[in-house]
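Chemist: Have a look at this one before I ask anything.
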Amino acid sequence: RTSPIECTSRADCIGDGNAGAVEGCGTVLCNSQTGMCSFMAFEDSCDSFTSCKGDDSMCTEGPIGSTGTCTGWSNDECIYEYYPVTNSVTLSYDDFENGWGSFTKHDGLQTGCDDACRRRDSGRFRDGWSLRIRDNSGAASSIYSSELDIAE
């Protein structure tokens, strides 16, 4: 676990839309007093833009770890606050197109689709295979990897 990294300049707040705001999609600021980034998403051609109509719950397209509020222009645009994301480490990358990758289902069987399964999605981020994990049912809604050791 790490403490949040604070921004020291606007450049710390810019990124690819997941880790930081996309340049040109709105106003991006670094609050030097709090160390938090602020992003008012107003460019409607960008994925981060949402016409939120006064509803904070619609502000979900901001950078990783951001909190969105519908307080921008006439309470119709989302403003996201977040700490910069840096020094990320990829533990594993699996696209699941050709199987379970470095993961296995709790019971060792690679069939069935109860609370943890590999399934084909369409109309999501991209068409293809993904893992579905749901329901908070302990082992039944778990996947495992013998290749990754992330114990502290």
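Ordering of the structure tokens sets the chain letters (A, B, ...), residue numbers begin anew at 1 in every chain, and ligands are numbered from 1 in the order given.
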Leaving out Asp44 (chain A) and any residue of its chain fewer than 5 positions from it, which residues lie within 10 Å of it when counting only C-alpha atoms, given as a list in words?

Modeler: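 The residues that qualify are Cys25, Gly26, Phe49, Thr50, Ser51 and Glu77 of chain A.
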
Chemist: Residues within 12 Å of Phe103 (chain A), please, as a ChimeraX atom specification. Count only C-alpha atoms; anything in the same chain fewer than 5 positions from it doesn't count.

Modeler: /A:92-96,108-110,116-118,130-131,142-148

Chemist: In region 10-81 of chain A, what's strand (DSSP E or B) per DSSP? Answer as a PyMOL selection string?

Modeler: chain A and resi 14+21+26-31+36-41+51+67-72+77-81

Chemist: With C-alpha atoms retained, could you export that selection as a PDB file, in the first residue's frame?

Modeler:
```pdb
ATOM      1  CA  ILE A  14      -2.369  14.885 -17.561  1.00  0.00           C
ATOM      2  CA  ALA A  21      -7.007  13.606 -17.737  1.00  0.00           C
ATOM      3  CA  GLY A  26     -11.354  20.220 -20.379  1.00  0.00           C
ATOM      4  CA  THR A  27      -9.704  22.359 -17.751  1.00  0.00           C
ATOM      5  CA  VAL A  28      -6.997  20.575 -15.746  1.00  0.00           C
ATOM      6  CA  LEU A  29      -5.493  22.111 -12.618  1.00  0.00           C
ATOM      7  CA  CYS A  30      -3.129  21.081  -9.827  1.00  0.00           C
ATOM      8  CA  ASN A  31      -4.092  22.373  -6.390  1.00  0.00           C
ATOM      9  CA  MET A  36      -4.986  16.950  -5.823  1.00  0.00           C
ATOM     10  CA  CYS A  37      -5.743  17.311  -9.502  1.00  0.00           C
ATOM     11  CA  SER A  38      -8.995  18.846 -10.689  1.00  0.00           C
ATOM     12  CA  PHE A  39     -10.440  18.133 -14.143  1.00  0.00           C
ATOM     13  CA  MET A  40     -13.532  19.849 -15.530  1.00  0.00           C
ATOM     14  CA  ALA A  41     -14.543  17.694 -18.498  1.00  0.00           C
ATOM     15  CA  SER A  51     -23.938  15.854 -19.480  1.00  0.00           C
ATOM     16  CA  THR A  67     -14.423  11.441  -7.438  1.00  0.00           C
ATOM     17  CA  GLY A  68     -16.819  13.176  -9.804  1.00  0.00           C
ATOM     18  CA  THR A  69     -19.343  15.840  -8.949  1.00  0.00           C
ATOM     19  CA  CYS A  70     -21.863  17.485 -11.255  1.00  0.00           C
ATOM     20  CA  THR A  71     -20.888  21.033 -10.345  1.00  0.00           C
ATOM     21  CA  GLY A  72     -19.385  22.256 -13.623  1.00  0.00           C
ATOM     22  CA  GLU A  77     -20.667  19.084 -16.498  1.00  0.00           C
ATOM     23  CA  CYS A  78     -18.596  16.780 -14.312  1.00  0.00           C
ATOM     24  CA  ILE A  79     -15.628  17.938 -12.286  1.00  0.00           C
ATOM     25  CA  TYR A  80     -13.266  15.155 -11.163  1.00  0.00           C
ATOM     26  CA  GLU A  81     -10.764  15.360  -8.313  1.00  0.00           C
TER      27      GLU A  81
END
```

Chemist: Could you tell me how far CA of Pro84 (chain A) lies from CA of Ile64 (chain A), in Å and to one decimal?

Modeler: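 Atom-to-atom, CA of Pro84 (chain A) and CA of Ile64 (chain A) are spaced 8.8 Å apart.
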
Chemist: Once DSSP has gone over the backbone, tell me which residues of region 2-145 of chain A are in helix (DSSP H, G or I), as a tab-separated table (two decimals) with C-alpha atoms, in the first residue's frame.

Modeler:
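Once written, result.tsv looks like this:
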```tsv
chain	number	residue	atom	x	y	z
A	10	ARG	CA	-0.54	20.63	-14.00
A	11	ALA	CA	1.63	18.20	-15.98
A	12	ASP	CA	1.29	15.64	-13.15
A	13	CYS	CA	-2.49	15.59	-13.80
A	56	ASP	CA	-23.33	13.40	-9.28
A	57	SER	CA	-23.93	9.67	-9.87
A	58	MET	CA	-23.52	10.24	-13.63
A	73	TRP	CA	-21.01	24.78	-15.96
A	74	SER	CA	-24.62	25.30	-14.81
A	75	ASN	CA	-24.46	21.96	-12.92
A	138	GLY	CA	-15.91	-16.50	-1.27
A	139	ALA	CA	-14.14	-19.28	-3.17
A	140	ALA	CA	-17.02	-19.64	-5.66
A	141	SER	CA	-16.48	-16.06	-6.86
```

Chemist: Which is closest to Gly128 (chain A) among A:Thr60, A:Lys105, A:Asn98, A:Cys52, if we use only C-alpha atoms?

Modeler: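 The shortest atom-to-atom distance to Gly128 (chain A) comes from A:Asn98.
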
Chemist: May I ask for the distance between CA of Asn18 (chain A) and CA of Arg119 (chain A), given in Å to one decimal place?

Modeler: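 Rounded to one decimal, the two atoms are 24.4 Å apart.
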